[in-house]
>>> print(open('work.tsv').read())   # TSV, C-alpha atoms
chain	number	residue	atom	x	y	z
A	639	MET	CA	0.00	0.00	0.00
A	640	ALA	CA	3.01	2.29	-0.18
A	641	TRP	CA	1.91	3.47	-3.63
A	642	LEU	CA	-1.41	4.62	-2.18
A	643	SER	CA	0.19	6.75	0.51
A	644	ALA	CA	2.51	8.35	-2.03
A	645	ALA	CA	-0.42	9.14	-4.30
A	646	ALA	CA	-2.37	10.54	-1.39
A	647	GLY	CA	0.52	12.80	-0.37
A	648	PRO	CA	0.41	16.59	-0.51
A	649	ALA	CA	-0.73	18.06	-3.80
A	650	VAL	CA	1.86	19.90	-5.83
A	651	ALA	CA	0.84	23.54	-6.20
A	652	GLN	CA	0.30	24.55	-9.79
A	653	GLU	CA	2.91	27.01	-10.95
A	654	SER	CA	1.43	30.47	-11.41
A	655	CYS	CA	2.31	32.91	-14.13
A	656	PRO	CA	4.57	35.75	-13.04
A	657	PRO	CA	3.75	39.29	-14.14
A	658	ALA	CA	4.97	40.18	-17.62
A	659	GLN	CA	8.04	42.36	-17.76
A	660	ASP	CA	7.13	46.03	-17.98
A	661	HIS	CA	8.22	47.26	-21.41
A	662	SER	CA	6.06	50.40	-21.33
A	663	ALA	CA	9.00	52.83	-21.38
A	664	GLU	CA	10.59	51.11	-24.36
A	665	LEU	CA	7.26	50.92	-26.17
A	666	GLU	CA	6.54	54.60	-25.53
A	667	GLN	CA	9.92	55.46	-27.01
A	668	LEU	CA	9.18	53.32	-30.09
A	669	ILE	CA	5.73	54.90	-30.47
A	670	SER	CA	7.33	58.34	-30.34
A	671	GLN	CA	9.89	57.29	-32.95
A	672	VAL	CA	7.33	55.73	-35.31
A	673	GLN	CA	5.22	58.88	-35.13
A	674	ARG	CA	8.24	60.80	-36.46
A	675	ALA	CA	9.41	58.11	-38.90
A	676	PRO	CA	10.48	59.62	-42.22
A	677	ASP	CA	9.16	56.73	-44.32
A	678	GLU	CA	7.39	53.39	-44.28
A	679	GLY	CA	10.64	51.39	-44.19
A	680	VAL	CA	11.81	52.99	-40.96
A	681	ALA	CA	8.31	52.68	-39.49
A	682	HIS	CA	8.26	48.96	-40.34
A	683	LEU	CA	11.53	48.39	-38.48
A	684	LEU	CA	10.18	50.24	-35.44
A	685	SER	CA	6.94	48.23	-35.56
A	686	ASN	CA	8.94	45.01	-35.59
A	687	GLN	CA	10.73	46.19	-32.45
A	688	MET	CA	7.35	46.78	-30.80
A	689	TRP	CA	6.38	43.18	-31.59
A	690	GLN	CA	9.50	41.93	-29.82
A	691	PHE	CA	8.26	43.56	-26.61
A	692	TRP	CA	4.61	42.50	-26.98
A	693	ALA	CA	5.67	38.90	-27.69
A	694	ASP	CA	7.97	38.75	-24.64
A	695	ALA	CA	5.94	36.34	-22.51
A	696	PRO	CA	6.15	36.38	-18.71
A	697	ASP	CA	8.18	33.15	-18.39
A	698	GLU	CA	9.57	30.23	-20.39
A	699	ARG	CA	6.38	28.19	-20.12
A	700	ALA	CA	4.23	31.07	-21.39
A	701	GLN	CA	6.76	31.82	-24.13
A	702	ALA	CA	6.66	28.22	-25.34
A	703	ILE	CA	2.85	28.26	-25.46
A	704	LEU	CA	2.78	31.63	-27.24
A	705	ASP	CA	5.40	30.54	-29.79
A	706	ARG	CA	3.61	27.25	-30.46
A	707	GLY	CA	0.27	29.02	-30.93
A	708	MET	CA	1.79	31.54	-33.33
A	709	THR	CA	3.44	28.73	-35.30
A	710	ARG	CA	0.14	26.87	-35.52
A	711	ARG	CA	-1.66	30.01	-36.62
A	712	ALA	CA	0.94	30.63	-39.32
A	713	ALA	CA	0.36	27.04	-40.53
A	714	PHE	CA	-3.42	27.69	-40.64
A	715	ASP	CA	-4.02	25.28	-37.75
A	716	PHE	CA	-6.51	27.68	-36.22
A	717	LEU	CA	-8.06	25.16	-33.82
A	718	GLY	CA	-4.64	24.17	-32.51
A	719	ALA	CA	-3.69	27.83	-32.17
A	720	LEU	CA	-6.91	28.54	-30.26
A	721	GLU	CA	-6.12	25.67	-27.89
A	722	ASP	CA	-2.68	27.14	-27.25
A	723	PHE	CA	-3.93	30.68	-26.72
A	724	ASP	CA	-6.72	29.39	-24.44
A	725	GLN	CA	-4.03	27.61	-22.43
A	726	LEU	CA	-1.86	30.74	-22.36
A	727	ILE	CA	-4.75	32.89	-21.16
A	728	ALA	CA	-5.70	30.34	-18.50
A	729	TYR	CA	-2.10	30.37	-17.27
A	730	CYS	CA	-1.35	34.10	-17.72
A	731	SER	CA	-4.68	35.88	-17.48
A	732	ASP	CA	-3.03	39.32	-17.22
A	733	TYR	CA	-0.81	38.98	-20.31
A	734	ALA	CA	-2.30	41.17	-23.05
A	735	GLU	CA	-0.61	39.41	-25.95
A	736	GLY	CA	-2.38	36.13	-25.18
A	737	TYR	CA	-5.71	37.85	-25.79
A	738	ASN	CA	-4.39	39.73	-28.83
A	739	GLN	CA	-3.14	36.54	-30.46
A	740	ARG	CA	-6.34	34.64	-29.74
A	741	ALA	CA	-8.27	37.58	-31.19
A	742	PHE	CA	-6.20	37.36	-34.37
A	743	VAL	CA	-7.17	33.71	-34.79
A	744	HIS	CA	-10.83	34.57	-34.20
A	745	TYR	CA	-10.50	37.35	-36.77
A	746	LEU	CA	-8.98	35.00	-39.33
A	747	ARG	CA	-11.90	32.63	-38.72
A	748	ARG	CA	-14.23	35.62	-39.29
A	749	ASP	CA	-15.57	35.39	-35.73
A	750	PHE	CA	-15.39	39.15	-35.29
A	751	ALA	CA	-17.45	39.24	-32.09
A	752	ALA	CA	-15.09	36.81	-30.32
A	753	ALA	CA	-12.10	38.76	-31.65
A	754	LEU	CA	-13.57	42.00	-30.34
A	755	ALA	CA	-14.08	40.56	-26.83
A	756	ASP	CA	-10.45	39.44	-26.68
A	757	LEU	CA	-9.18	42.73	-28.08
A	758	ASP	CA	-11.15	44.69	-25.50
A	759	ARG	CA	-9.51	42.61	-22.76
A	760	ALA	CA	-6.06	43.07	-24.31
A	761	LEU	CA	-6.64	46.83	-24.36
A	762	GLU	CA	-7.80	46.84	-20.74
A	763	LEU	CA	-4.42	45.35	-19.89
A	764	ASP	CA	-2.40	47.46	-22.34
A	765	PRO	CA	-4.34	50.51	-23.61
A	766	ARG	CA	-1.57	51.56	-26.01
A	767	HIS	CA	-1.18	48.16	-27.72
A	768	VAL	CA	-1.17	49.48	-31.27
A	769	ALA	CA	-1.80	46.09	-32.89
A	770	ALA	CA	-4.78	45.40	-30.62
A	771	LEU	CA	-6.24	48.83	-31.46
A	772	SER	CA	-5.82	48.13	-35.15
A	773	GLY	CA	-7.31	44.67	-34.75
A	774	ARG	CA	-10.23	46.20	-32.86
A	775	ALA	CA	-10.86	48.56	-35.80
A	776	LEU	CA	-10.79	45.65	-38.26
A	777	SER	CA	-13.11	43.55	-36.10
A	778	LEU	CA	-15.58	46.41	-35.75
A	779	TYR	CA	-15.39	46.89	-39.51
A	780	GLY	CA	-16.13	43.17	-39.92
A	781	LEU	CA	-19.19	43.65	-37.74
A	782	ALA	CA	-20.26	46.66	-39.87
A	783	ARG	CA	-19.95	48.97	-36.83
A	784	MET	CA	-18.40	51.64	-39.01
A	785	GLU	CA	-18.32	54.66	-36.73
A	786	GLU	CA	-16.73	52.66	-33.89
A	787	ALA	CA	-14.26	51.20	-36.41
A	788	ARG	CA	-13.32	54.72	-37.54
A	789	VAL	CA	-12.67	55.79	-33.96
A	790	ALA	CA	-10.59	52.70	-33.17
A	791	LEU	CA	-8.55	53.07	-36.34
A	792	GLY	CA	-8.05	56.76	-35.60
A	793	LEU	CA	-6.66	55.89	-32.16
A	794	ALA	CA	-4.33	53.29	-33.66
A	795	LEU	CA	-3.13	55.70	-36.34
A	796	THR	CA	-2.49	58.36	-33.72
A	797	LEU	CA	0.02	55.98	-32.15
A	798	ASN	CA	1.42	54.64	-35.44
A	799	PRO	CA	0.49	56.62	-38.56
A	800	TRP	CA	2.27	54.04	-40.75
A	801	LEU	CA	0.01	51.07	-40.04
A	802	PRO	CA	-0.96	49.21	-43.23
A	803	GLU	CA	-4.61	49.70	-42.21
A	804	ARG	CA	-4.18	53.45	-42.78
A	805	ASN	CA	-5.33	52.83	-46.34
A	806	LEU	CA	-8.82	52.12	-45.01
A	807	ALA	CA	-9.02	55.72	-43.79
A	808	ILE	CA	-7.89	57.53	-46.93
A	809	PRO	CA	-10.53	59.59	-48.76
A	810	GLY	CA	-12.91	57.16	-50.39
A	811	GLY	CA	-11.80	54.32	-48.10
A	812	PRO	CA	-14.38	52.40	-46.09
A	813	LEU	CA	-13.20	53.94	-42.81
A	814	ALA	CA	-12.53	57.43	-44.11
A	815	PRO	CA	-14.09	60.16	-42.01
A	816	GLU	CA	-17.65	60.80	-43.06
A	817	PRO	CA	-17.91	63.96	-45.15
A	818	PRO	CA	-20.13	66.58	-43.60
A	819	ASN	CA	-23.61	66.95	-45.00
A	820	ILE	CA	-23.71	70.06	-47.10
A	821	VAL	CA	-27.06	71.80	-47.09
A	822	GLU	CA	-28.00	74.23	-49.82
A	823	PRO	CA	-29.59	77.54	-48.79
A	824	ASP	CA	-32.98	76.12	-49.87
A	825	GLY	CA	-32.59	73.34	-47.25
A	826	GLU	CA	-31.78	70.44	-49.59
A	827	GLU	CA	-28.77	68.23	-49.01
A	828	LEU	CA	-26.22	67.88	-51.78
>>> encode(input="work.tsv", output="structure tokens")
Amino acid sequence: MAWLSAAAGPAVAQESCPPAQDHSAELEQLISQVQRAPDEGVAHLLSNQMWQFWADAPDERAQAILDRGMTRRAAFDFLGALEDFDQLIAYCSDYAEGYNQRAFVHYLRRDFAAALADLDRALELDPRHVAALSGRALSLYGLARMEEARVALGLALTLNPWLPERNLAIPGGPLAPEPPNIVEPDGEEL
């Protein structure tokens, strides 16, 4: 019966996720630099540096889960990626990138409502997460919530005016600011 007493011994406490490293100062510096970037090439390099900070998971276990989920997503294994990001969020519930990555998979699966819920949580944790703001704009656009999408994209472009999604906001684009209604002196709209 020795095996029974060993099995009935004290339970091993589940390892908890440590807080993510605070990269806010570095990210603020990169945001400031990308706002002043002279061209798209420089902005792209700065955006890649932002991703290095966002994708810096709180510990090795979280990093392995995040990396595996991103690899699965890139291979179009969306269900496998969702499993990984669910696991990451269950382990590190205060890590914004877990929610952002799961939202991206939902977006790719055209489940815009699920993406939006995850993006809102990511932004609660990291309000200046440029990619989550941009993803929120795209998800709102997917839900045909145009005015909210315009606002979200405007916020994202305020932080990084070089985002590829900026083309949605150019004149004639689907998220371009609405032109004002022009009323003729006789009261008819043009």
>>> atom_distance(input="work.tsv", atom1="CA of Ala700 (chain A)", atom2="CA of Ser685 (chain A)")
22.4 Å
>>> closest_residue(input="work.tsv", among="A:Gln739, A:Ser654, A:Gln667, A:Gln659", to="Ala712 (chain A)", atoms="only C-alpha atoms")
A:Gln739
>>> atom_distance(input="work.tsv", atom1="CA of Phe723 (chain A)", atom2="CA of Gln687 (chain A)")
22.1 Å
>>> closest_residue(input="work.tsv", among="A:Arg747, A:Ser777, A:Cys655, A:Gly736", to="Arg759 (chain A)", atoms="all atoms listed in the file")
A:Gly736
>>> closest_residue(input="work.tsv", among="A:Val672, A:Leu763, A:Leu801, A:Leu776", to="Phe742 (chain A)", atoms="all atoms listed in the file")
A:Leu776
>>> residues_near_point(input="work.tsv", point="(-20.9, 37.9, -39.3)", cutoff="9 Å", atoms="all atoms listed in the file", output="PyMOL selection string")
chain A and resi 748-751+780-782
>>> write_last_selection(input="work.tsv", atoms="C-alpha atoms", output="PDB file, in the coordinates of the input")
ATOM      1  CA  ARG A 748     -14.230  35.620 -39.290  1.00  0.00           C
ATOM      2  CA  ASP A 749     -15.570  35.390 -35.730  1.00  0.00           C
ATOM      3  CA  PHE A 750     -15.390  39.150 -35.290  1.00  0.00           C
ATOM      4  CA  ALA A 751     -17.450  39.240 -32.090  1.00  0.00           C
ATOM      5  CA  GLY A 780     -16.130  43.170 -39.920  1.00  0.00           C
ATOM      6  CA  LEU A 781     -19.190  43.650 -37.740  1.00  0.00           C
ATOM      7  CA  ALA A 782     -20.260  46.660 -39.870  1.00  0.00           C
TER       8      ALA A 782
END
>>> closest_residue(input="work.tsv", among="A:Ser772, A:Gln671, A:Asn798, A:Asn738", to="Ala760 (chain A)", atoms="all atoms listed in the file")
A:Asn738
>>> residues_around(input="work.tsv", residues="Leu771 (chain A)", least_positions_apart="3", cutoff="7 Å", atoms="all atoms listed in the file", output="ChimeraX atom specification")
/A:767-768,774-775,790-791,794
>>> axis_aligned_box(input="work.tsv", around="region 680-699 of chain A", padding_each_side="5 Å", output="AutoDock Vina command-line options")
--center_x 8.2 --center_y 40.6 --center_z -29.7 --size_x 17.2 --size_y 34.8 --size_z 32.6
>>> residues_near_point(input="work.tsv", point="(5.9, 23.6, -18.7)", cutoff="12 Å", atoms="all atoms listed in the file", output="PyMOL selection string")
chain A and resi 652-655+697-703+725-726+729
>>> write_last_selection(input="work.tsv", atoms="C-alpha atoms", output="tab-separated table (two decimals), in the coordinates of the input")
chain	number	residue	atom	x	y	z
A	652	GLN	CA	0.30	24.55	-9.79
A	653	GLU	CA	2.91	27.01	-10.95
A	654	SER	CA	1.43	30.47	-11.41
A	655	CYS	CA	2.31	32.91	-14.13
A	697	ASP	CA	8.18	33.15	-18.39
A	698	GLU	CA	9.57	30.23	-20.39
A	699	ARG	CA	6.38	28.19	-20.12
A	700	ALA	CA	4.23	31.07	-21.39
A	701	GLN	CA	6.76	31.82	-24.13
A	702	ALA	CA	6.66	28.22	-25.34
A	703	ILE	CA	2.85	28.26	-25.46
A	725	GLN	CA	-4.03	27.61	-22.43
A	726	LEU	CA	-1.86	30.74	-22.36
A	729	TYR	CA	-2.10	30.37	-17.27
>>> atom_distance(input="work.tsv", atom1="CA of Asp732 (chain A)", atom2="CA of Phe691 (chain A)")
15.3 Å
>>> residues_around(input="work.tsv", residues="Tyr779 (chain A)", least_positions_apart="4", cutoff="9 Å", atoms="all atoms listed in the file", output="list in words")
Phe750, Arg774, Ala775, Arg783, Met784, Glu785, Glu786, Ala787, Arg788, Pro812 and Leu813 of chain A
>>> closest_residue(input="work.tsv", among="A:Leu778, A:Val789, A:Leu720, A:Ala734", to="Leu761 (chain A)", atoms="all atoms listed in the file")
A:Ala734
>>> closest_residue(input="work.tsv", among="A:Leu795, A:Tyr733, A:Asn805, A:Gly810", to="Trp692 (chain A)", atoms="all atoms listed in the file")
A:Tyr733
>>> build_atoms(input="work.tsv", residues="region 718-744 of chain A", atoms="N, CA and C atoms", output="PDB file, in the frame of the given file")
ATOM      1  N   GLY A 718      -5.791  24.400 -33.367  1.00  0.00           N
ATOM      2  CA  GLY A 718      -4.640  24.170 -32.510  1.00  0.00           C
ATOM      3  C   GLY A 718      -4.138  25.462 -31.882  1.00  0.00           C
ATOM      4  N   ALA A 719      -4.115  26.534 -32.682  1.00  0.00           N
ATOM      5  CA  ALA A 719      -3.690  27.830 -32.170  1.00  0.00           C
ATOM      6  C   ALA A 719      -4.634  28.308 -31.073  1.00  0.00           C
ATOM      7  N   LEU A 720      -5.937  28.142 -31.290  1.00  0.00           N
ATOM      8  CA  LEU A 720      -6.910  28.540 -30.260  1.00  0.00           C
ATOM      9  C   LEU A 720      -6.684  27.764 -28.973  1.00  0.00           C
ATOM     10  N   GLU A 721      -6.405  26.473 -29.084  1.00  0.00           N
ATOM     11  CA  GLU A 721      -6.120  25.670 -27.890  1.00  0.00           C
ATOM     12  C   GLU A 721      -4.924  26.239 -27.140  1.00  0.00           C
ATOM     13  N   ASP A 722      -3.875  26.577 -27.891  1.00  0.00           N
ATOM     14  CA  ASP A 722      -2.680  27.140 -27.250  1.00  0.00           C
ATOM     15  C   ASP A 722      -2.973  28.476 -26.594  1.00  0.00           C
ATOM     16  N   PHE A 723      -3.666  29.355 -27.295  1.00  0.00           N
ATOM     17  CA  PHE A 723      -3.930  30.680 -26.720  1.00  0.00           C
ATOM     18  C   PHE A 723      -4.917  30.588 -25.559  1.00  0.00           C
ATOM     19  N   ASP A 724      -5.860  29.639 -25.612  1.00  0.00           N
ATOM     20  CA  ASP A 724      -6.720  29.390 -24.440  1.00  0.00           C
ATOM     21  C   ASP A 724      -5.874  28.974 -23.246  1.00  0.00           C
ATOM     22  N   GLN A 725      -4.913  28.084 -23.504  1.00  0.00           N
ATOM     23  CA  GLN A 725      -4.030  27.610 -22.430  1.00  0.00           C
ATOM     24  C   GLN A 725      -3.175  28.767 -21.891  1.00  0.00           C
ATOM     25  N   LEU A 726      -2.673  29.593 -22.782  1.00  0.00           N
ATOM     26  CA  LEU A 726      -1.860  30.740 -22.360  1.00  0.00           C
ATOM     27  C   LEU A 726      -2.674  31.694 -21.502  1.00  0.00           C
ATOM     28  N   ILE A 727      -3.897  31.973 -21.920  1.00  0.00           N
ATOM     29  CA  ILE A 727      -4.750  32.890 -21.160  1.00  0.00           C
ATOM     30  C   ILE A 727      -5.132  32.290 -19.812  1.00  0.00           C
ATOM     31  N   ALA A 728      -5.383  30.985 -19.776  1.00  0.00           N
ATOM     32  CA  ALA A 728      -5.700  30.340 -18.500  1.00  0.00           C
ATOM     33  C   ALA A 728      -4.504  30.418 -17.549  1.00  0.00           C
ATOM     34  N   TYR A 729      -3.309  30.316 -18.092  1.00  0.00           N
ATOM     35  CA  TYR A 729      -2.100  30.370 -17.270  1.00  0.00           C
ATOM     36  C   TYR A 729      -1.711  31.817 -16.934  1.00  0.00           C
ATOM     37  N   CYS A 730      -1.778  32.708 -17.900  1.00  0.00           N
ATOM     38  CA  CYS A 730      -1.350  34.100 -17.720  1.00  0.00           C
ATOM     39  C   CYS A 730      -2.507  35.033 -18.075  1.00  0.00           C
ATOM     40  N   SER A 731      -3.461  35.128 -17.189  1.00  0.00           N
ATOM     41  CA  SER A 731      -4.680  35.880 -17.480  1.00  0.00           C
ATOM     42  C   SER A 731      -4.454  37.391 -17.569  1.00  0.00           C
ATOM     43  N   ASP A 732      -3.307  37.883 -17.152  1.00  0.00           N
ATOM     44  CA  ASP A 732      -3.030  39.320 -17.220  1.00  0.00           C
ATOM     45  C   ASP A 732      -2.000  39.668 -18.292  1.00  0.00           C
ATOM     46  N   TYR A 733      -1.775  38.761 -19.226  1.00  0.00           N
ATOM     47  CA  TYR A 733      -0.810  38.980 -20.310  1.00  0.00           C
ATOM     48  C   TYR A 733      -1.583  39.364 -21.570  1.00  0.00           C
ATOM     49  N   ALA A 734      -1.493  40.628 -21.952  1.00  0.00           N
ATOM     50  CA  ALA A 734      -2.300  41.170 -23.050  1.00  0.00           C
ATOM     51  C   ALA A 734      -2.086  40.431 -24.364  1.00  0.00           C
ATOM     52  N   GLU A 735      -0.883  40.017 -24.644  1.00  0.00           N
ATOM     53  CA  GLU A 735      -0.610  39.410 -25.950  1.00  0.00           C
ATOM     54  C   GLU A 735      -1.332  38.077 -26.137  1.00  0.00           C
ATOM     55  N   GLY A 736      -1.599  37.365 -25.053  1.00  0.00           N
ATOM     56  CA  GLY A 736      -2.380  36.130 -25.180  1.00  0.00           C
ATOM     57  C   GLY A 736      -3.743  36.418 -25.772  1.00  0.00           C
ATOM     58  N   TYR A 737      -4.395  37.463 -25.277  1.00  0.00           N
ATOM     59  CA  TYR A 737      -5.710  37.850 -25.790  1.00  0.00           C
ATOM     60  C   TYR A 737      -5.597  38.387 -27.224  1.00  0.00           C
ATOM     61  N   ASN A 738      -4.558  39.180 -27.496  1.00  0.00           N
ATOM     62  CA  ASN A 738      -4.390  39.730 -28.830  1.00  0.00           C
ATOM     63  C   ASN A 738      -4.187  38.621 -29.855  1.00  0.00           C
ATOM     64  N   GLN A 739      -3.380  37.632 -29.521  1.00  0.00           N
ATOM     65  CA  GLN A 739      -3.140  36.540 -30.460  1.00  0.00           C
ATOM     66  C   GLN A 739      -4.379  35.678 -30.660  1.00  0.00           C
ATOM     67  N   ARG A 740      -5.113  35.419 -29.582  1.00  0.00           N
ATOM     68  CA  ARG A 740      -6.340  34.640 -29.740  1.00  0.00           C
ATOM     69  C   ARG A 740      -7.339  35.424 -30.582  1.00  0.00           C
ATOM     70  N   ALA A 741      -7.382  36.740 -30.389  1.00  0.00           N
ATOM     71  CA  ALA A 741      -8.270  37.580 -31.190  1.00  0.00           C
ATOM     72  C   ALA A 741      -7.911  37.486 -32.675  1.00  0.00           C
ATOM     73  N   PHE A 742      -6.633  37.447 -32.977  1.00  0.00           N
ATOM     74  CA  PHE A 742      -6.200  37.360 -34.370  1.00  0.00           C
ATOM     75  C   PHE A 742      -6.715  36.072 -35.007  1.00  0.00           C
ATOM     76  N   VAL A 743      -6.645  34.977 -34.267  1.00  0.00           N
ATOM     77  CA  VAL A 743      -7.170  33.710 -34.790  1.00  0.00           C
ATOM     78  C   VAL A 743      -8.675  33.815 -35.004  1.00  0.00           C
ATOM     79  N   HIS A 744      -9.381  34.377 -34.031  1.00  0.00           N
ATOM     80  CA  HIS A 744     -10.830  34.570 -34.200  1.00  0.00           C
ATOM     81  C   HIS A 744     -11.109  35.420 -35.442  1.00  0.00           C
TER      82      HIS A 744
END
